[in-house]
>>> print(open('start-v2.txt').read())   # compact mmCIF, C-alpha atoms and all ligand atoms
# COMPACT_ATOMS: atom_id res chain seq x y z
CA MET P 1 36.76 95.82 76.12
CA ARG P 2 37.55 98.70 73.86
CA VAL P 3 41.12 98.78 72.70
CA ASN P 4 42.65 102.07 73.68
CA ARG P 5 44.80 103.33 70.89
CA ASN P 6 47.24 105.11 73.10
CA SER P 7 47.47 102.71 75.99
CA HIS P 8 50.61 101.16 74.56
CA ALA P 9 52.29 104.52 74.93
CA ARG P 10 52.00 104.40 78.70
CA ARG P 11 55.21 103.04 80.05
CA ARG P 12 56.77 102.99 83.40
CA THR P 13 59.20 105.81 83.91
CA ALA P 14 62.37 105.37 85.86
CA ALA P 15 62.39 106.68 89.37
CA LEU P 16 65.01 109.37 89.19
CA GLY P 17 65.51 110.28 92.80
CA LEU P 18 67.17 113.53 91.89
CA ALA P 19 68.40 115.67 94.69
CA VAL P 20 66.23 118.70 95.00
CA ALA P 21 67.48 122.03 96.15
CA ALA P 22 65.60 123.21 99.18
CA LEU P 23 63.54 126.20 98.24
CA ALA P 24 61.99 128.46 100.78
CA ALA P 25 58.29 129.14 100.67
CA GLY P 26 57.16 132.34 99.09
CA LEU P 27 59.14 134.22 96.53
CA THR P 28 62.35 132.38 95.76
CA THR P 29 65.00 133.78 93.50
CA GLY P 30 67.64 131.47 92.14
CA ALA P 31 71.17 132.68 92.57
CA GLY P 32 72.94 130.81 89.78
CA PRO P 33 74.89 132.41 86.97
CA ALA P 34 72.94 133.99 84.18
CA ALA P 35 75.60 133.88 81.50
CA ALA P 36 74.97 130.30 80.40
CA GLN P 37 71.51 131.08 79.09
CA PRO P 38 71.14 131.64 75.36
CA ARG P 39 69.24 134.80 74.59
CA THR P 40 66.81 134.65 71.73
CA ALA P 41 64.53 137.59 72.22
CA ALA P 42 64.28 138.16 68.49
CA ALA P 43 62.60 134.80 68.02
CA ALA P 44 59.70 136.02 70.11
CA ALA P 45 58.72 138.33 67.31
CA ALA P 46 58.51 135.50 64.77
CA ALA P 47 55.09 135.89 63.24
CA PRO P 48 52.86 132.83 63.52
CA ASP P 49 51.24 131.47 60.38
CA CYS P 50 48.08 133.46 60.52
CA SER P 51 46.54 132.81 57.19
CA ALA P 52 42.76 132.80 57.14
CA ALA P 53 42.46 129.14 58.14
CA TYR P 54 44.45 129.80 61.33
CA ARG P 55 42.84 133.08 62.30
CA ILE P 56 40.13 133.22 64.92
CA GLU P 57 38.00 136.31 65.43
CA GLN P 58 34.84 136.46 67.50
CA LYS P 59 32.75 139.49 68.28
CA LEU P 60 30.49 138.74 71.23
CA SER P 61 26.97 140.16 71.34
CA THR P 62 28.01 142.44 74.23
CA GLY P 63 30.44 144.24 71.91
CA THR P 64 33.80 142.69 72.81
CA THR P 65 35.98 141.17 70.08
CA TRP P 66 38.67 138.55 70.69
CA ARG P 67 41.28 137.82 68.02
CA MET P 68 44.04 135.22 67.89
CA CYS P 69 45.88 132.75 65.70
CA TRP P 70 45.89 129.04 66.40
CA ARG P 71 48.33 126.31 65.52
CA TYR P 72 48.84 122.75 66.59
CA ASP P 73 52.13 121.66 68.08
CA GLY P 74 53.32 118.04 67.91
CA LYS P 75 53.79 117.97 71.69
CA ALA P 76 51.86 120.84 73.29
CA GLY P 77 48.74 120.40 71.16
CA LEU P 78 46.72 123.58 70.72
CA VAL P 79 48.75 126.81 70.85
CA LEU P 80 47.12 130.24 70.71
CA ASP P 81 49.29 133.09 69.44
CA ASP P 82 48.88 136.84 69.14
CA VAL P 83 45.82 137.05 71.39
CA SER P 84 44.14 140.46 71.53
CA TYR P 85 41.11 141.94 73.27
CA GLN P 86 38.96 144.79 71.99
CA PRO P 87 36.06 145.89 74.17
CA LYS P 88 33.42 148.13 72.62
CA GLY P 89 34.96 151.39 73.80
CA GLU P 90 38.40 150.80 72.27
CA THR P 91 39.22 151.81 68.72
CA LYS P 92 41.81 149.10 68.18
CA PRO P 93 42.71 145.66 69.57
CA ILE P 94 44.75 145.56 72.77
CA LYS P 95 47.31 142.80 72.57
CA VAL P 96 47.49 140.55 75.62
CA LEU P 97 49.60 137.50 74.80
CA ASN P 98 52.28 136.49 72.34
CA SER P 99 51.51 132.86 73.04
CA ALA P 100 49.43 130.68 75.37
CA ARG P 101 49.80 126.94 75.66
CA LEU P 102 49.93 124.00 78.01
CA GLY P 103 53.35 123.46 79.56
CA GLN P 104 52.95 119.87 80.80
CA ILE P 105 50.56 117.39 82.40
CA HIS P 106 52.48 115.44 85.00
CA VAL P 107 50.73 112.36 86.45
CA PRO P 108 52.45 110.51 89.31
CA TYR P 109 50.63 107.57 90.94
CA ASP P 110 50.50 107.37 94.73
CA ASP P 111 52.15 103.94 94.91
CA GLY P 112 55.26 105.25 93.15
CA LYS P 113 54.98 102.73 90.33
CA TRP P 114 54.00 105.08 87.52
CA GLU P 115 54.80 108.63 86.56
CA TYR P 116 53.85 110.25 83.28
CA ASP P 117 54.75 113.44 81.46
CA ASP P 118 51.77 113.31 79.14
CA LEU P 119 52.75 116.11 76.76
CA THR P 120 56.37 115.27 76.10
CA GLY P 121 56.33 111.57 76.84
CA TYR P 122 52.96 110.06 75.97
CA ASN P 123 51.69 111.50 72.69
CA PHE P 124 49.15 113.91 74.11
CA ALA P 125 49.08 115.88 70.84
CA GLN P 126 48.66 112.77 68.68
CA GLY P 127 45.66 111.77 70.79
CA LEU P 128 43.54 114.63 69.39
CA MET P 129 39.94 113.41 69.20
CA GLU P 130 37.36 114.13 66.53
CA LEU P 131 34.47 116.10 67.98
CA ALA P 132 30.85 115.31 67.22
CA PRO P 133 28.74 118.33 66.21
CA GLY P 134 26.86 118.14 69.51
CA GLU P 135 30.11 118.70 71.42
CA CYS P 136 30.48 122.18 69.99
CA PRO P 137 26.98 123.61 70.39
CA GLY P 138 26.41 126.73 68.33
CA GLY P 139 30.02 126.77 67.20
CA THR P 140 32.41 125.68 64.48
CA ILE P 141 34.64 122.61 64.42
CA LYS P 142 37.92 123.18 62.60
CA SER P 143 40.07 120.51 61.02
CA VAL P 144 43.51 120.13 62.56
CA LYS P 145 46.52 118.57 60.87
CA VAL P 146 48.24 116.60 63.62
CA PRO P 147 52.05 116.39 63.38
CA ASP P 148 53.12 112.73 63.48
CA GLY P 149 49.44 111.85 63.44
CA ASN P 150 47.69 109.01 61.65
CA PRO P 151 49.71 108.57 58.41
CA ASP P 152 46.56 107.69 56.46
CA ASP P 153 44.74 110.82 57.55
CA PRO P 154 46.44 113.29 59.87
CA ASN P 155 43.48 115.67 59.71
CA VAL P 156 41.17 115.57 62.72
CA LYS P 157 38.03 117.66 63.09
CA GLY P 158 39.01 118.47 66.61
CA LEU P 159 39.06 122.21 67.36
CA CYS P 160 35.85 123.79 68.60
CA THR P 161 35.22 127.54 68.75
CA THR P 162 31.91 128.64 70.18
CA THR P 163 30.19 131.11 72.49
CA ARG P 164 28.41 130.59 75.78
CA SER P 165 26.42 132.65 78.26
CA ARG P 166 27.98 133.16 81.64
CA GLY P 167 25.14 134.61 83.69
CA HIS P 168 25.22 138.09 85.14
CA ALA P 169 28.14 140.27 84.11
CA TYR P 170 26.76 142.99 86.42
CA ARG P 171 23.59 144.29 87.99
CA MET P 172 22.84 147.74 89.41
CA GLN P 173 19.57 149.36 90.37
CA ASP P 174 20.20 153.07 89.96
CA ASN P 175 19.79 154.92 93.28
CA PHE P 176 18.45 158.08 91.67
CA THR P 177 16.39 156.93 88.70
CA ASN P 178 15.55 153.43 89.93
CA LYS P 179 16.54 152.21 86.48
CA LEU P 180 17.86 148.65 86.33
CA TYR P 181 21.16 148.11 84.60
CA GLN P 182 21.99 144.45 84.06
CA ALA P 183 23.92 142.48 81.46
CA GLN P 184 24.29 138.81 80.78
CA GLY P 185 27.96 138.03 80.15
CA LYS P 186 29.14 136.20 77.04
CA ASP P 187 32.22 134.02 76.69
CA PHE P 188 34.13 132.85 73.65
CA LEU P 189 35.45 129.31 74.03
CA VAL P 190 38.21 127.46 72.19
CA TYR P 191 38.81 123.81 73.05
CA THR P 192 40.20 120.45 72.06
CA VAL P 193 39.97 116.94 73.51
CA ASN P 194 43.12 114.80 73.68
CA GLN P 195 43.16 111.15 74.68
CA VAL P 196 46.13 109.87 76.67
CA GLY P 197 45.92 106.30 77.87
CA TRP P 198 42.47 105.84 79.39
CA TYR P 199 41.99 109.52 80.05
CA GLU P 200 40.61 112.24 77.83
CA TYR P 201 41.80 115.75 78.56
CA MET P 202 39.76 118.78 77.58
CA THR P 203 41.93 121.84 77.02
CA GLU P 204 39.60 124.80 77.31
CA TRP P 205 40.39 128.50 76.77
CA ARG P 206 37.62 130.85 77.80
CA PHE P 207 37.73 134.48 76.62
CA GLN P 208 35.18 136.57 78.47
CA ASP P 209 33.58 139.79 77.21
CA ASP P 210 35.02 141.54 80.31
CA GLY P 211 38.61 140.77 79.27
CA THR P 212 39.18 137.81 81.58
CA ILE P 213 40.87 134.72 80.15
CA THR P 214 40.28 131.46 82.00
CA MET P 215 42.22 128.35 81.09
CA ASN P 216 41.15 124.97 82.34
CA VAL P 217 42.02 121.35 81.78
CA GLY P 218 39.22 118.87 82.38
CA ALA P 219 39.97 115.18 82.83
CA THR P 220 37.38 112.65 81.74
CA GLY P 221 37.29 109.37 79.83
CA SER P 222 37.93 106.43 82.09
CA LEU P 223 40.01 105.58 85.11
CA SER P 224 43.14 103.70 84.11
CA TYR P 225 42.13 100.09 83.39
CA ASP P 226 45.52 98.91 84.56
CA ASP P 227 45.34 100.51 87.99
CA TYR P 228 42.74 98.62 90.01
CA ASP P 229 45.47 96.86 91.89
CA SER P 230 45.93 99.08 94.85
CA GLY P 231 46.33 96.64 97.70
CA ASP P 232 48.52 98.83 99.81
CA GLY P 233 45.98 101.34 101.06
CA ARG P 234 46.78 103.87 98.32
CA GLY P 235 43.50 103.53 96.46
CA TRP P 236 39.74 103.70 96.90
CA PRO P 237 37.46 100.72 96.30
CA ILE P 238 35.06 101.47 93.44
CA GLY P 239 33.73 97.95 92.76
CA LYS P 240 31.34 95.94 94.97
CA GLY P 241 32.55 95.61 98.55
CA ALA P 242 36.24 96.22 99.07
CA LYS P 243 37.15 95.24 95.50
CA ALA P 244 38.84 97.14 92.68
CA ALA P 245 40.75 99.80 94.53
CA ALA P 246 41.65 102.39 91.89
CA THR P 247 45.11 103.73 92.62
CA SER P 248 45.10 107.37 93.69
CA HIS P 249 47.24 109.75 91.66
CA SER P 250 47.86 113.41 90.89
CA HIS P 251 47.32 115.50 87.76
CA ASN P 252 49.74 118.40 87.83
CA VAL P 253 48.92 120.71 84.94
CA PHE P 254 51.25 123.49 83.79
CA TRP P 255 50.43 126.40 81.51
CA ARG P 256 53.00 128.60 79.79
CA LEU P 257 51.98 132.19 79.08
CA ASP P 258 54.07 134.62 77.06
CA PHE P 259 52.57 138.05 77.66
CA ALA P 260 52.85 140.99 75.26
CA LEU P 261 50.66 143.70 76.75
CA ASP P 262 50.09 146.49 74.23
CA GLY P 263 52.34 144.57 71.85
CA SER P 264 55.49 144.64 73.97
CA SER P 265 57.03 141.63 75.68
CA LYS P 266 58.91 143.91 78.12
CA ASN P 267 56.30 143.46 80.82
CA ARG P 268 57.07 144.01 84.49
CA VAL P 269 56.09 141.54 87.21
CA GLU P 270 54.74 142.74 90.55
CA GLN P 271 53.78 140.79 93.66
CA TYR P 272 51.36 142.22 96.22
CA ASP P 273 51.00 141.08 99.82
CA SER P 274 48.65 142.42 102.45
CA ALA P 275 49.13 142.16 106.20
CA VAL P 276 46.37 142.60 108.75
CA THR P 277 47.31 144.15 112.10
CA THR P 278 45.02 143.77 115.09
CA ARG P 279 44.67 146.68 117.51
CA GLY P 280 42.91 145.39 120.60
CA GLN P 281 39.25 146.48 120.57
CA ARG P 282 39.79 148.87 117.65
CA THR P 283 39.17 147.83 114.05
CA PRO P 284 42.19 146.00 112.60
CA THR P 285 44.14 147.74 109.83
CA THR P 286 45.42 146.21 106.62
CA LYS P 287 48.51 147.31 104.71
CA THR P 288 49.28 146.22 101.16
CA THR P 289 52.83 146.25 99.87
CA ARG P 290 54.21 145.82 96.39
CA THR P 291 57.36 143.82 95.59
CA LYS P 292 58.85 144.25 92.14
CA VAL P 293 59.94 140.90 90.74
CA THR P 294 62.89 141.90 88.59
CA LYS P 295 64.72 138.58 88.43
CA GLU P 296 63.60 135.05 87.66
CA ALA P 297 61.60 133.68 90.58
CA ALA P 298 59.41 130.88 91.89
CA GLY P 299 56.27 131.90 93.74
CA ASP P 300 53.66 130.35 95.97
CA THR P 301 50.07 131.28 96.46
CA LYS P 302 48.72 132.26 99.85
CA ALA P 303 45.94 134.35 101.23
CA TYR P 304 46.41 138.09 100.61
CA ARG P 305 48.98 137.54 97.85
CA TRP P 306 48.62 138.17 94.15
CA TRP P 307 50.71 139.02 91.11
CA ARG P 308 50.28 141.10 88.00
CA MET P 309 52.00 141.63 84.67
CA VAL P 310 52.30 145.34 83.93
CA SER P 311 52.48 146.79 80.45
CA ALA P 312 55.63 148.68 79.59
CA ALA P 313 53.94 150.23 76.58
CA GLY P 314 50.38 151.22 77.26
CA LYS P 315 48.10 153.13 79.59
CA ASN P 316 44.33 153.26 79.79
CA LYS P 317 42.28 156.46 79.36
CA ASP P 318 42.72 157.24 83.09
CA GLY P 319 46.49 157.27 82.58
CA HIS P 320 47.01 154.03 84.52
CA ALA P 321 49.44 151.40 83.26
CA ARG P 322 47.59 148.46 81.81
CA SER P 323 48.08 145.13 83.53
CA TYR P 324 46.75 141.62 83.86
CA GLU P 325 46.35 140.04 87.28
CA ILE P 326 47.15 136.37 87.74
CA VAL P 327 44.35 134.67 89.65
CA PRO P 328 45.29 131.14 90.73
CA GLY P 329 42.68 128.42 90.88
CA THR P 330 42.21 125.78 93.54
CA THR P 331 45.31 123.62 93.70
CA THR P 332 46.88 120.76 95.59
CA LYS P 333 50.57 121.37 95.20
CA TYR P 334 52.49 118.11 94.74
CA PRO P 335 55.76 118.26 96.68
CA GLY P 336 57.26 115.18 95.03
CA ARG P 337 59.28 116.78 92.24
CA SER P 338 61.48 119.86 92.09
CA TYR P 339 59.31 121.42 89.36
CA THR P 340 56.00 120.89 91.21
CA LYS P 341 57.15 122.47 94.48
CA HIS P 342 55.93 125.94 93.51
CA ASP P 343 52.66 127.30 92.18
CA LEU P 344 54.18 129.55 89.58
CA TYR P 345 57.48 130.49 88.04
CA PHE P 346 58.64 133.60 86.23
CA THR P 347 61.45 132.88 83.79
CA GLN P 348 63.21 134.98 81.20
CA TYR P 349 62.04 134.06 77.70
CA ASN P 350 64.04 131.30 76.05
CA LYS P 351 62.74 129.68 72.89
CA CYS P 352 64.07 126.32 74.07
CA GLN P 353 62.12 126.32 77.33
CA LEU P 354 58.67 125.06 76.40
CA PHE P 355 57.73 122.29 78.85
CA ALA P 356 57.82 122.48 82.63
CA SER P 357 59.29 119.00 82.98
CA ASN P 358 61.02 116.59 80.63
CA ASN P 359 61.68 119.52 78.28
CA PRO P 360 62.89 118.03 75.00
CA GLY P 361 65.24 119.44 72.42
CA SER P 362 68.77 120.65 72.55
CA CYS P 363 68.58 123.26 75.26
CA ALA P 364 72.22 122.87 76.08
CA GLY P 365 73.00 123.78 79.64
CA THR P 366 69.53 124.99 80.54
CA GLY P 367 68.19 121.96 82.40
CA LYS P 368 65.11 119.86 81.79
CA SER P 369 62.52 121.51 84.03
CA VAL P 370 61.19 124.94 84.88
CA ASP P 371 62.68 125.10 88.39
CA LYS P 372 66.16 124.87 86.84
CA TRP P 373 65.44 127.91 84.70
CA VAL P 374 64.99 130.14 87.73
CA ASN P 375 68.65 130.99 87.96
CA GLY P 376 69.09 134.67 88.37
CA GLN P 377 68.42 136.25 85.00
CA THR P 378 66.86 139.68 84.90
CA LEU P 379 63.29 139.58 83.61
CA THR P 380 63.12 141.70 80.47
CA HIS P 381 60.67 139.33 78.78
CA PRO P 382 59.00 137.34 81.54
CA ILE P 383 57.29 134.02 80.89
CA VAL P 384 54.66 132.85 83.38
CA TRP P 385 54.45 129.17 84.27
CA MET P 386 51.41 128.21 86.34
CA ASN P 387 51.22 124.85 88.11
CA VAL P 388 47.79 123.65 89.22
CA GLY P 389 47.57 120.25 90.90
CA PHE P 390 44.68 117.91 91.59
CA HIS P 391 45.00 114.83 93.79
CA HIS P 392 42.56 112.33 92.37
CA ILE P 393 41.20 109.81 94.86
CA ALA P 394 38.66 107.93 92.76
CA ARG P 395 35.03 107.61 93.89
CA ASP P 396 32.23 105.29 92.83
CA GLU P 397 30.82 108.04 90.63
CA ASP P 398 33.99 107.97 88.50
CA GLN P 399 32.46 105.04 86.58
CA GLN P 400 31.42 105.25 83.83
CA PRO P 401 32.40 107.48 81.97
CA MET P 402 34.30 109.49 84.52
CA PRO P 403 32.71 112.92 85.14
CA VAL P 404 34.95 115.79 84.02
CA HIS P 405 37.07 117.21 86.82
CA TRP P 406 38.48 120.65 86.09
CA GLN P 407 41.58 122.53 87.17
CA GLY P 408 42.91 125.86 86.00
CA PHE P 409 43.27 129.58 86.62
CA SER P 410 42.51 133.00 85.20
CA ILE P 411 44.17 136.18 84.10
CA VAL P 412 42.02 139.22 84.77
CA PRO P 413 42.41 142.75 83.38
CA ARG P 414 43.47 145.36 85.94
CA ASP P 415 43.32 148.90 84.53
CA VAL P 416 43.26 147.72 80.92
CA THR P 417 40.25 149.97 80.37
CA ALA P 418 39.39 153.08 82.40
CA MET P 419 36.01 151.66 83.39
CA ASN P 420 34.08 148.41 83.23
CA PRO P 421 34.44 147.44 79.55
CA LEU P 422 30.72 146.61 79.49
CA THR P 423 29.57 149.94 81.01
CA PRO P 424 26.32 151.06 79.32
CA ASP P 425 26.62 154.39 77.50
CA ASP P 426 24.48 156.38 79.92
CA LEU P 427 26.74 155.45 82.87
CA ALA P 428 29.98 156.24 81.06
CA TRP P 429 30.32 159.57 82.89
CA GLN P 430 30.45 157.86 86.31
CA ASN P 431 34.24 157.47 86.44
CA GLY P 432 36.20 158.16 89.61
CA HIS P 433 34.60 160.11 92.46
CA TRP P 434 31.65 161.32 90.42
CA GLN P 435 29.00 163.77 91.64
CA PRO P 436 25.31 162.91 91.27
CA ARG P 437 23.61 164.83 88.47
CA SER P 438 20.42 166.66 89.28
CU CU C 501 42.68 111.13 87.63
>>> encode(input="start-v2.txt", output="structure tokens")
Amino acid sequence: MRVNRNSHARRRTAALGLAVAALAAGLTTGAGPAAAQPRTAAAAAAAPDCSAAYRIEQKLSTGTTWRMCWRYDGKAGLVLDDVSYQPKGETKPIKVLNSARLGQIHVPYDDGKWEYDDLTGYNFAQGLMELAPGECPGGTIKSVKVPDGNPDDPNVKGLCTTTRSRGHAYRMQDNFTNKLYQAQGKDFLVYTVNQVGWYEYMTEWRFQDDGTITMNVGATGSLSYDDYDSGDGRGWPIGKGAKAAATSHSHNVFWRLDFALDGSSKNRVEQYDSAVTTRGQRTPTTKTTRTKVTKEAAGDTKAYRWWRMVSAAGKNKDGHARSYEIVPGTTTKYPGRSYTKHDLYFTQYNKCQLFASNNPGSCAGTGKSVDKWVNGQTLTHPIVWMNVGFHHIARDEDQQPMPVHWQGFSIVPRDVTAMNPLTPDDLAWQNGHWQPRS
């Protein structure tokens, strides 16, 4: 048996049994006092160390350039700062994010015996794995100095940057000329692998040539060696016959996004909901309404609901405010903890509030988890916390190694450019209600 270097770090956590405030479904705004929160907006502007070794710039073959700075945090692992997007038709980079990072990986087991906060409690960052060249095909593997890492050699060749094809970005057979317009999309990928206990987590950031950013965590490695004991019906047998029931558990992954559209953190949050009204035999109608989210809030996904972050500073060439839409991924929301009860949270920026649960540091009076930070402040610098859960009931195929299972979400440009950023030059005139040319 291979000795797992981090398995000692897995310890049983105390069952806290905290009382949880009942929160209504949908948009929930905390009503607590705002005055107790320290305000540190100036810290947001603190420039990351972006010397050449920490700068990432990739121009994709379709003409889009992504730029960012990377650093490695002793708890969060990979952090991407100052992320900007420049499609071929733009003369300068369009800033999207001040900072993007994981906000927690919370892993409670179904039998109630174990519960882990992998980032803040179980040395996720220190588990950075060296990547073999074949794991970063066509790309570059950067060396990462791991805080509190191996004292003999804290440098791990563990950060991959590479590109990948995505399949069709678009296809259109021109109605008038019969000309085929098609493009194969290209993505820029940045990823690390971190071992925690028996698991290995892939943290993948995917920057598409169409402006979309998709963030995913993939879990692989091995099922927990210590959890084949499920005799109480809370596991799934994965050995011969009814033997070796691997205990079922959840992976609740949080991301923390600090937007800065067009370089300003004063973004506005909007929620959209659509309602369909039936009208007997006539065609139903659908009405979409916008709700401005001006104060800290918890939100829940449902059909016909979406959110966007709107730029306070910039418009596209059509005169429309730039924005990024938040597109949730498939999730199984875990109702067991106050901080996992909602799919996303909008909180006012606070430099102390970095992890969705078990938040360390001296954040006096601000509470230990993201749900506590929704307490009535006006959003002048909103932070987005996304919670994506996966309930893992093991299957025979999980041995061995365990196939990667992914969870995550996307942010997608909405009116960042006036047209498709990949529009070919000879279609660039077809904006709005265009008239066919003879
Ligand atoms: Cu799992």
>>> atom_distance(input="start-v2.txt", atom1="atom CA of P:Val388", atom2="atom CA of P:Thr161")
24.3 Å
>>> closest_atom_pairs(input="start-v2.txt", of="chain P", to="ligand CU 501 (chain C)", cutoff="10 Å", atoms="all atoms listed in the file", output="Markdown table")
| residue | atom | partner | partner_atom | distance |
| --- | --- | --- | --- | --- |
| P:Val107 | CA | C:CU501 | CU | 8.2 |
| P:Pro108 | CA | C:CU501 | CU | 9.9 |
| P:Tyr109 | CA | C:CU501 | CU | 9.3 |
| P:Trp198 | CA | C:CU501 | CU | 9.8 |
| P:Tyr199 | CA | C:CU501 | CU | 7.8 |
| P:Gly218 | CA | C:CU501 | CU | 10.0 |
| P:Ala219 | CA | C:CU501 | CU | 6.8 |
| P:Thr220 | CA | C:CU501 | CU | 8.1 |
| P:Gly221 | CA | C:CU501 | CU | 9.6 |
| P:Ser222 | CA | C:CU501 | CU | 8.7 |
| P:Leu223 | CA | C:CU501 | CU | 6.7 |
| P:Ser224 | CA | C:CU501 | CU | 8.2 |
| P:Ala246 | CA | C:CU501 | CU | 9.8 |
| P:Thr247 | CA | C:CU501 | CU | 9.3 |
| P:Ser248 | CA | C:CU501 | CU | 7.5 |
| P:His249 | CA | C:CU501 | CU | 6.2 |
| P:Ser250 | CA | C:CU501 | CU | 6.5 |
| P:His251 | CA | C:CU501 | CU | 6.4 |
| P:Phe390 | CA | C:CU501 | CU | 8.1 |
| P:His391 | CA | C:CU501 | CU | 7.6 |
| P:His392 | CA | C:CU501 | CU | 4.9 |
| P:Ile393 | CA | C:CU501 | CU | 7.5 |
| P:Ala394 | CA | C:CU501 | CU | 7.3 |
| P:Asp398 | CA | C:CU501 | CU | 9.3 |
| P:Met402 | CA | C:CU501 | CU | 9.1 |
| P:Val404 | CA | C:CU501 | CU | 9.7 |
| P:His405 | CA | C:CU501 | CU | 8.3 |
>>> write_last_selection(input="start-v2.txt", atoms="C-alpha atoms", output="PDB file, keeping the file's coordinate frame")
ATOM      1  CA  VAL P 107      50.730 112.360  86.450  1.00  0.00           C
ATOM      2  CA  PRO P 108      52.450 110.510  89.310  1.00  0.00           C
ATOM      3  CA  TYR P 109      50.630 107.570  90.940  1.00  0.00           C
ATOM      4  CA  TRP P 198      42.470 105.840  79.390  1.00  0.00           C
ATOM      5  CA  TYR P 199      41.990 109.520  80.050  1.00  0.00           C
ATOM      6  CA  GLY P 218      39.220 118.870  82.380  1.00  0.00           C
ATOM      7  CA  ALA P 219      39.970 115.180  82.830  1.00  0.00           C
ATOM      8  CA  THR P 220      37.380 112.650  81.740  1.00  0.00           C
ATOM      9  CA  GLY P 221      37.290 109.370  79.830  1.00  0.00           C
ATOM     10  CA  SER P 222      37.930 106.430  82.090  1.00  0.00           C
ATOM     11  CA  LEU P 223      40.010 105.580  85.110  1.00  0.00           C
ATOM     12  CA  SER P 224      43.140 103.700  84.110  1.00  0.00           C
ATOM     13  CA  ALA P 246      41.650 102.390  91.890  1.00  0.00           C
ATOM     14  CA  THR P 247      45.110 103.730  92.620  1.00  0.00           C
ATOM     15  CA  SER P 248      45.100 107.370  93.690  1.00  0.00           C
ATOM     16  CA  HIS P 249      47.240 109.750  91.660  1.00  0.00           C
ATOM     17  CA  SER P 250      47.860 113.410  90.890  1.00  0.00           C
ATOM     18  CA  HIS P 251      47.320 115.500  87.760  1.00  0.00           C
ATOM     19  CA  PHE P 390      44.680 117.910  91.590  1.00  0.00           C
ATOM     20  CA  HIS P 391      45.000 114.830  93.790  1.00  0.00           C
ATOM     21  CA  HIS P 392      42.560 112.330  92.370  1.00  0.00           C
ATOM     22  CA  ILE P 393      41.200 109.810  94.860  1.00  0.00           C
ATOM     23  CA  ALA P 394      38.660 107.930  92.760  1.00  0.00           C
ATOM     24  CA  ASP P 398      33.990 107.970  88.500  1.00  0.00           C
ATOM     25  CA  MET P 402      34.300 109.490  84.520  1.00  0.00           C
ATOM     26  CA  VAL P 404      34.950 115.790  84.020  1.00  0.00           C
ATOM     27  CA  HIS P 405      37.070 117.210  86.820  1.00  0.00           C
TER      28      HIS P 405
END
>>> residues_near_point(input="start-v2.txt", point="(30.6, 139.9, 74.6)", cutoff="12 Å", atoms="all atoms listed in the file", output="MDAnalysis selection string")
chainID P and resid 58:66 85:88 163:169 183:189 206:212 421:423
>>> atom_distance(input="start-v2.txt", atom1="atom CA of P:Phe259", atom2="atom CA of P:Val217")
20.2 Å
>>> closest_residue(input="start-v2.txt", among="P:Gly314, P:Pro133, P:Gly376, P:Pro403", to="P:Leu159", atoms="all atoms listed in the file")
P:Pro133
>>> residues_around(input="start-v2.txt", residues="stretch 351-361 of chain P", least_positions_apart="3", cutoff="8 Å", atoms="only C-alpha atoms", output="PyMOL selection string")
chain P and resi 40+43-44+103-104+106+117+120-121+254+256+339+368-371+385
>>> write_last_selection(input="start-v2.txt", atoms="C-alpha atoms", output="PDB file, in the frame of the given file")
ATOM      1  CA  THR P  40      66.810 134.650  71.730  1.00  0.00           C
ATOM      2  CA  ALA P  43      62.600 134.800  68.020  1.00  0.00           C
ATOM      3  CA  ALA P  44      59.700 136.020  70.110  1.00  0.00           C
ATOM      4  CA  GLY P 103      53.350 123.460  79.560  1.00  0.00           C
ATOM      5  CA  GLN P 104      52.950 119.870  80.800  1.00  0.00           C
ATOM      6  CA  HIS P 106      52.480 115.440  85.000  1.00  0.00           C
ATOM      7  CA  ASP P 117      54.750 113.440  81.460  1.00  0.00           C
ATOM      8  CA  THR P 120      56.370 115.270  76.100  1.00  0.00           C
ATOM      9  CA  GLY P 121      56.330 111.570  76.840  1.00  0.00           C
ATOM     10  CA  PHE P 254      51.250 123.490  83.790  1.00  0.00           C
ATOM     11  CA  ARG P 256      53.000 128.600  79.790  1.00  0.00           C
ATOM     12  CA  TYR P 339      59.310 121.420  89.360  1.00  0.00           C
ATOM     13  CA  LYS P 368      65.110 119.860  81.790  1.00  0.00           C
ATOM     14  CA  SER P 369      62.520 121.510  84.030  1.00  0.00           C
ATOM     15  CA  VAL P 370      61.190 124.940  84.880  1.00  0.00           C
ATOM     16  CA  ASP P 371      62.680 125.100  88.390  1.00  0.00           C
ATOM     17  CA  TRP P 385      54.450 129.170  84.270  1.00  0.00           C
TER      18      TRP P 385
END
>>> residues_near_point(input="start-v2.txt", point="(48.3, 120.0, 94.0)", cutoff="6 Å", atoms="all atoms listed in the file", output="PyMOL selection string")
chain P and resi 331-334+389-390
>>> closest_residue(input="start-v2.txt", among="P:Tyr324, P:Tyr116, P:Trp236, P:Trp255", to="P:Tyr345", atoms="all atoms listed in the file")
P:Trp255
>>> closest_residue(input="start-v2.txt", among="P:Asn178, P:Thr192, P:Gln407, P:Thr289", to="P:Cys136", atoms="all atoms listed in the file")
P:Thr192
>>> atom_distance(input="start-v2.txt", atom1="atom CA of P:Cys69", atom2="atom CA of P:Thr162")
15.2 Å
>>> residues_around(input="start-v2.txt", residues="P:Leu119", least_positions_apart="5", cutoff="7 Å", atoms="all atoms listed in the file", output="number ranges by chain")
P: 75-76, 104-105, 124-125
>>> closest_residue(input="start-v2.txt", among="P:Pro401, P:Gly408, P:Gly197, P:Pro413", to="P:Asn387", atoms="all atoms listed in the file")
P:Gly408
>>> closest_residue(input="start-v2.txt", among="P:Gln377, P:Thr294, P:Ser338, P:Ser143", to="P:Asn267", atoms="only C-alpha atoms")
P:Thr294
